[in-house]
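Student: Okay, here's the structure, questions in a sec.
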There are 2 protein chains.
Amino acid sequence: MPCDANVDIVRTVHETNTDDDRPMPLRERKKRRTREALGEAALHLFLDRGFDAVTLDELVDAVEVSKRTFFRYFPSKEAVATAAEHELWDAYLDRITGAPLTGSVLDVLHTCLTTAVRGMDGEWERRFLATRGLIAHTPQLRDHSDLASLRTQDRIADELGGRLGDDTTPDVQVRLLAEVAMAAWRTAARRWVREHRHTAFDLTAPREQQRDSATRADLIDNIDTTYAALGDSIALRI
Amino acid sequence: MPCDANVDIVRTVHETNTDDDRPMPLRERKKRRTREALGEAALHLFLDRGFDAVTLDELVDAVEVSKRTFFRYFPSKEAVATAAEHELWDAYLDRITGAPLTGSVLDVLHTCLTTAVRGMDGEWERRFLATRGLIAHTPQLRDHSDLASLRTQDRIADELGGRLGDDTTPDVQVRLLAEVAMAAWRTAARRWVREHRHTAFDLTAPREQQRDSATRADLIDNIDTTYAALGDSIALRI
DNA sequence: CCCAATGTGCCACTCGGGGGCAAAAACTTC
DNA sequence: GAAGTTTTTGCCCCCGAGTGGCACATTGGG
């Protein structure tokens, strides 16, 4: 019976038009559909039976593509499970490159992050919830997610280092700033997922139920309070 | 001709008695020898031909153990290459559990780290240098190393959380503190390795030459200045 | 000296990931 | 709308990391 479910997944996804894909060429539309189908089927299968219990062969069979094709869309099995997070990091980076660097740089990073979270669409929210649910009980995925945040740090530091006066501000400070900013994210995300440990992270749950349990507003609240706690933490005395 | 070299490595290692292993039972001595032989041969082979170019089969052939045995000593190929780092984290954790928590907690973590670095023996320094050399041009190892620092963070936060007043200090602060402390390490280590990018990281180089190029004193200096820059970084304005 | 415990070797196996090449689909041009 | 060109895909091969089972050897204790 998982077979029927998978076929259902595929059809549903292929009929779903998340955005307008009329103006873009057919090739792009099909690629997008395949990518979304892979991502969606992966979340369903992983949540249903566990990340480790599902082999790539099963996944590609469900979406009816070859394993070779899978690796043209995602670099690893972990990547398809955490695609939503990667999209957030890309959006975050975009905000940073577009933001004017005035005043406290840490505040700028903070604002960019929250606006990036707010800027993602509802479809993203659903997938992100599922991804965090997977991460919560799959060490392998947790590693991958943490690593992605570290690499995002590097990109932030590079971007900042290029824009700030190269000589005036030492590289160490920029690097540390990126580290601290991501530290806040990791702490906030961890706290957020702990608060909602008992939620189902069910992809098929109606939207309202999700809104009642774990929401993006909660996440943003956690980010805000975590950034606010940074100063006190660094100066903690007992 | 790599075969001869490997045999040489094995014999050399097996004859080397790093510490006194007379008092401990024969089984323990043999296990220790095997572990050290694996670690040493791995560093030599990886530095010589590159981490990816060396297969586990080659490594275990060189040390004359089975692949099965290898995995009874190290959980992964990456782990044997970064064994020196893991030892540092264990020593670091030991210092933290033994240190009294008075005054600035960040200062305590800072001191524990530097004394831990100082407390490692000369044999460790040689292996650590080699490990960092490998990490510098092997993304896979860099990931593994960064991940190890993140997991150490978790252990620190758990330890600190257990000892600090559970109710008075919020969990977020402890978590952030551990994050910030490790951020300083990562930044210092990265800077240190960049400064010595042109060093050979040669295991066979005489000790004096190593002291001239990349030394533990340099590393500790970097740690100190990075910790000192923390406050300025977090408050950076432009 | 024998017996129990522990460590080791060998075997075969799974699974993630990548390369080469030929077929097919999609865009282009006439 | 039929040619040719380019991009995308499918299929088959391969490799290497990591695991499990079982028989064997080595060590330590009575």
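Please note that chains go A, B, ... in the order of the structure tokens, that every chain numbers its residues from 1, and that ligands are numbered from 1 in the order shown.
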Contacts from chain C to chain A, 10 Å maximum, only C-alpha atoms (C1' of nucleotides): show me the residue list as a list in words.

Tutor: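 Residues satisfying the distance criterion: DC15, DG16, DG17, DG18, DA25, DA26 and DC27 of chain C.
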
Student: Compute the set of chain A residues within 10 Å of chain B, using only C-alpha atoms, and express it as a VMD selection string.

Tutor: chain A and resid 101 to 107 143 to 144 146 to 148 150 to 151 164 to 165 169 to 188 190 to 191 222 225 to 227 229 to 238

Student: Report as a PyMOL selection string: the residues of segment 13-197 of chain B with a DSSP assignment of helix (DSSP H, G or I), based on the backbone of this structure.

Tutor: chain B and resi 13-15+26-49+56-63+67-73+77-81+83-98+105-119+122-136+139-163+171-195

Student: Give as a list in words every residue of chain D that touches chain A within 9 Å, counting only C-alpha atoms (C1' of nucleotides).

Tutor: DT7, DT8, DT9, DG10 and DC11 of chain D

Student: So that I have them on file, write out the residues from the current selection with all heavy atoms, as an mmCIF file, in the first residue's frame.

Tutor:
```cif
data_model
loop_
_atom_site.group_PDB
_atom_site.id
_atom_site.type_symbol
_atom_site.label_atom_id
_atom_site.label_comp_id
_atom_site.auth_asym_id
_atom_site.auth_seq_id
_atom_site.Cartn_x
_atom_site.Cartn_y
_atom_site.Cartn_z
ATOM 1 P P DT D 7 23.149 23.322 -24.555
ATOM 2 O OP1 DT D 7 23.515 24.690 -24.148
ATOM 3 O OP2 DT D 7 24.179 22.275 -24.706
ATOM 4 O "O5'" DT D 7 22.057 22.785 -23.534
ATOM 5 C "C5'" DT D 7 20.699 23.205 -23.695
ATOM 6 C "C4'" DT D 7 19.755 22.147 -23.144
ATOM 7 O "O4'" DT D 7 19.683 21.013 -24.043
ATOM 8 C "C3'" DT D 7 20.167 21.577 -21.792
ATOM 9 O "O3'" DT D 7 19.086 21.738 -20.908
ATOM 10 C "C2'" DT D 7 20.475 20.111 -22.059
ATOM 11 C "C1'" DT D 7 19.624 19.833 -23.286
ATOM 12 N N1 DT D 7 20.136 18.730 -24.158
ATOM 13 C C2 DT D 7 19.284 17.698 -24.500
ATOM 14 O O2 DT D 7 18.130 17.640 -24.121
ATOM 15 N N3 DT D 7 19.845 16.746 -25.321
ATOM 16 C C4 DT D 7 21.144 16.730 -25.810
ATOM 17 O O4 DT D 7 21.537 15.819 -26.534
ATOM 18 C C5 DT D 7 21.973 17.828 -25.408
ATOM 19 C C7 DT D 7 23.388 17.919 -25.870
ATOM 20 C C6 DT D 7 21.432 18.772 -24.614
ATOM 21 P P DT D 8 19.203 21.422 -19.367
ATOM 22 O OP1 DT D 8 18.375 22.394 -18.650
ATOM 23 O OP2 DT D 8 20.638 21.275 -19.050
ATOM 24 O "O5'" DT D 8 18.507 20.002 -19.228
ATOM 25 C "C5'" DT D 8 17.223 19.816 -19.812
ATOM 26 C "C4'" DT D 8 16.860 18.346 -19.828
ATOM 27 O "O4'" DT D 8 17.611 17.646 -20.845
ATOM 28 C "C3'" DT D 8 17.140 17.600 -18.519
ATOM 29 O "O3'" DT D 8 15.918 17.063 -18.050
ATOM 30 C "C2'" DT D 8 18.148 16.527 -18.899
ATOM 31 C "C1'" DT D 8 17.870 16.344 -20.379
ATOM 32 N N1 DT D 8 19.003 15.809 -21.177
ATOM 33 C C2 DT D 8 18.815 14.673 -21.930
ATOM 34 O O2 DT D 8 17.761 14.072 -21.973
ATOM 35 N N3 DT D 8 19.923 14.265 -22.636
ATOM 36 C C4 DT D 8 21.167 14.876 -22.660
ATOM 37 O O4 DT D 8 22.091 14.426 -23.322
ATOM 38 C C5 DT D 8 21.288 16.065 -21.850
ATOM 39 C C7 DT D 8 22.596 16.806 -21.797
ATOM 40 C C6 DT D 8 20.208 16.473 -21.156
ATOM 41 P P DT D 9 15.840 16.296 -16.690
ATOM 42 O OP1 DT D 9 14.499 16.524 -16.117
ATOM 43 O OP2 DT D 9 17.048 16.605 -15.928
ATOM 44 O "O5'" DT D 9 15.896 14.771 -17.153
ATOM 45 C "C5'" DT D 9 14.911 14.269 -18.046
ATOM 46 C "C4'" DT D 9 15.303 12.898 -18.561
ATOM 47 O "O4'" DT D 9 16.555 12.996 -19.256
ATOM 48 C "C3'" DT D 9 15.535 11.852 -17.468
ATOM 49 O "O3'" DT D 9 14.458 10.923 -17.495
ATOM 50 C "C2'" DT D 9 16.868 11.187 -17.829
ATOM 51 C "C1'" DT D 9 17.151 11.726 -19.226
ATOM 52 N N1 DT D 9 18.594 11.912 -19.513
ATOM 53 C C2 DT D 9 19.222 11.056 -20.372
ATOM 54 O O2 DT D 9 18.669 10.115 -20.907
ATOM 55 N N3 DT D 9 20.546 11.334 -20.579
ATOM 56 C C4 DT D 9 21.290 12.369 -20.030
ATOM 57 O O4 DT D 9 22.469 12.521 -20.290
ATOM 58 C C5 DT D 9 20.559 13.243 -19.142
ATOM 59 C C7 DT D 9 21.244 14.403 -18.487
ATOM 60 C C6 DT D 9 19.261 12.979 -18.925
ATOM 61 P P DG D 10 14.316 9.829 -16.347
ATOM 62 O OP1 DG D 10 12.872 9.630 -16.140
ATOM 63 O OP2 DG D 10 15.183 10.230 -15.232
ATOM 64 O "O5'" DG D 10 14.908 8.508 -17.026
ATOM 65 C "C5'" DG D 10 14.686 8.268 -18.401
ATOM 66 C "C4'" DG D 10 15.361 6.983 -18.854
ATOM 67 O "O4'" DG D 10 16.702 7.297 -19.322
ATOM 68 C "C3'" DG D 10 15.531 5.911 -17.769
ATOM 69 O "O3'" DG D 10 15.274 4.633 -18.342
ATOM 70 C "C2'" DG D 10 16.985 6.059 -17.343
ATOM 71 C "C1'" DG D 10 17.659 6.547 -18.614
ATOM 72 N N9 DG D 10 18.798 7.433 -18.392
ATOM 73 C C8 DG D 10 18.839 8.485 -17.509
ATOM 74 N N7 DG D 10 19.979 9.120 -17.522
ATOM 75 C C5 DG D 10 20.745 8.450 -18.462
ATOM 76 C C6 DG D 10 22.061 8.678 -18.904
ATOM 77 O O6 DG D 10 22.859 9.553 -18.537
ATOM 78 N N1 DG D 10 22.442 7.750 -19.881
ATOM 79 C C2 DG D 10 21.646 6.748 -20.363
ATOM 80 N N2 DG D 10 22.186 5.967 -21.294
ATOM 81 N N3 DG D 10 20.407 6.520 -19.964
ATOM 82 C C4 DG D 10 20.026 7.401 -19.015
ATOM 83 P P DC D 11 15.209 3.344 -17.435
ATOM 84 O OP1 DC D 11 14.133 2.500 -17.989
ATOM 85 O OP2 DC D 11 15.186 3.752 -16.017
ATOM 86 O "O5'" DC D 11 16.600 2.614 -17.739
ATOM 87 C "C5'" DC D 11 16.946 2.284 -19.090
ATOM 88 C "C4'" DC D 11 18.380 1.827 -19.162
ATOM 89 O "O4'" DC D 11 19.250 2.960 -19.005
ATOM 90 C "C3'" DC D 11 18.781 0.820 -18.074
ATOM 91 O "O3'" DC D 11 19.398 -0.296 -18.685
ATOM 92 C "C2'" DC D 11 19.756 1.602 -17.198
ATOM 93 C "C1'" DC D 11 20.351 2.580 -18.200
ATOM 94 N N1 DC D 11 20.918 3.810 -17.580
ATOM 95 C C2 DC D 11 22.166 4.280 -17.996
ATOM 96 O O2 DC D 11 22.760 3.673 -18.891
ATOM 97 N N3 DC D 11 22.674 5.388 -17.424
ATOM 98 C C4 DC D 11 21.996 6.021 -16.457
ATOM 99 N N4 DC D 11 22.534 7.112 -15.928
ATOM 100 C C5 DC D 11 20.725 5.558 -16.021
ATOM 101 C C6 DC D 11 20.226 4.462 -16.600
#
```

Student: So the first atom is atom CA of Arg127 of chain A and the second is atom CA of Ala84 of chain A; what is the distance between them in Å, to one decimal place?

Tutor: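 Atom-to-atom, atom CA of Arg127 of chain A to atom CA of Ala84 of chain A, that is 6.2 Å.
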
Student: One decimal, in Å: what's the spacing between atom CA of Gly122 of chain A and atom CA of Phe74 of chain A?

Tutor: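 About the pair atom CA of Gly122 of chain A and atom CA of Phe74 of chain A: they are 22.4 Å apart.
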
Student: Work out how far atom CA of Ala116 of chain A is from atom CA of Arg95 of chain A, in Å to one decimal.

Tutor: 6.9 Å

Student: Give me the residues within 12 Å of DG21 of chain D as a PDB file with C-alpha atoms (C1' of nucleotides), in the first residue's frame, counting only C-alpha atoms (C1' of nucleotides) and dropping any in the same chain fewer than 4 places off.

Tutor:
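Just written: part_17.pdb:
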```pdb
ATOM      1  C1'  DC C  10      37.176 -13.271   6.473  1.00  0.00           C
ATOM      2  C1'  DC C  11      33.027 -13.278   3.851  1.00  0.00           C
ATOM      3  C1'  DA C  12      29.392 -11.350   1.639  1.00  0.00           C
ATOM      4  C1'  DC C  13      26.252  -7.739   1.563  1.00  0.00           C
TER       5       DC C  13
END
```
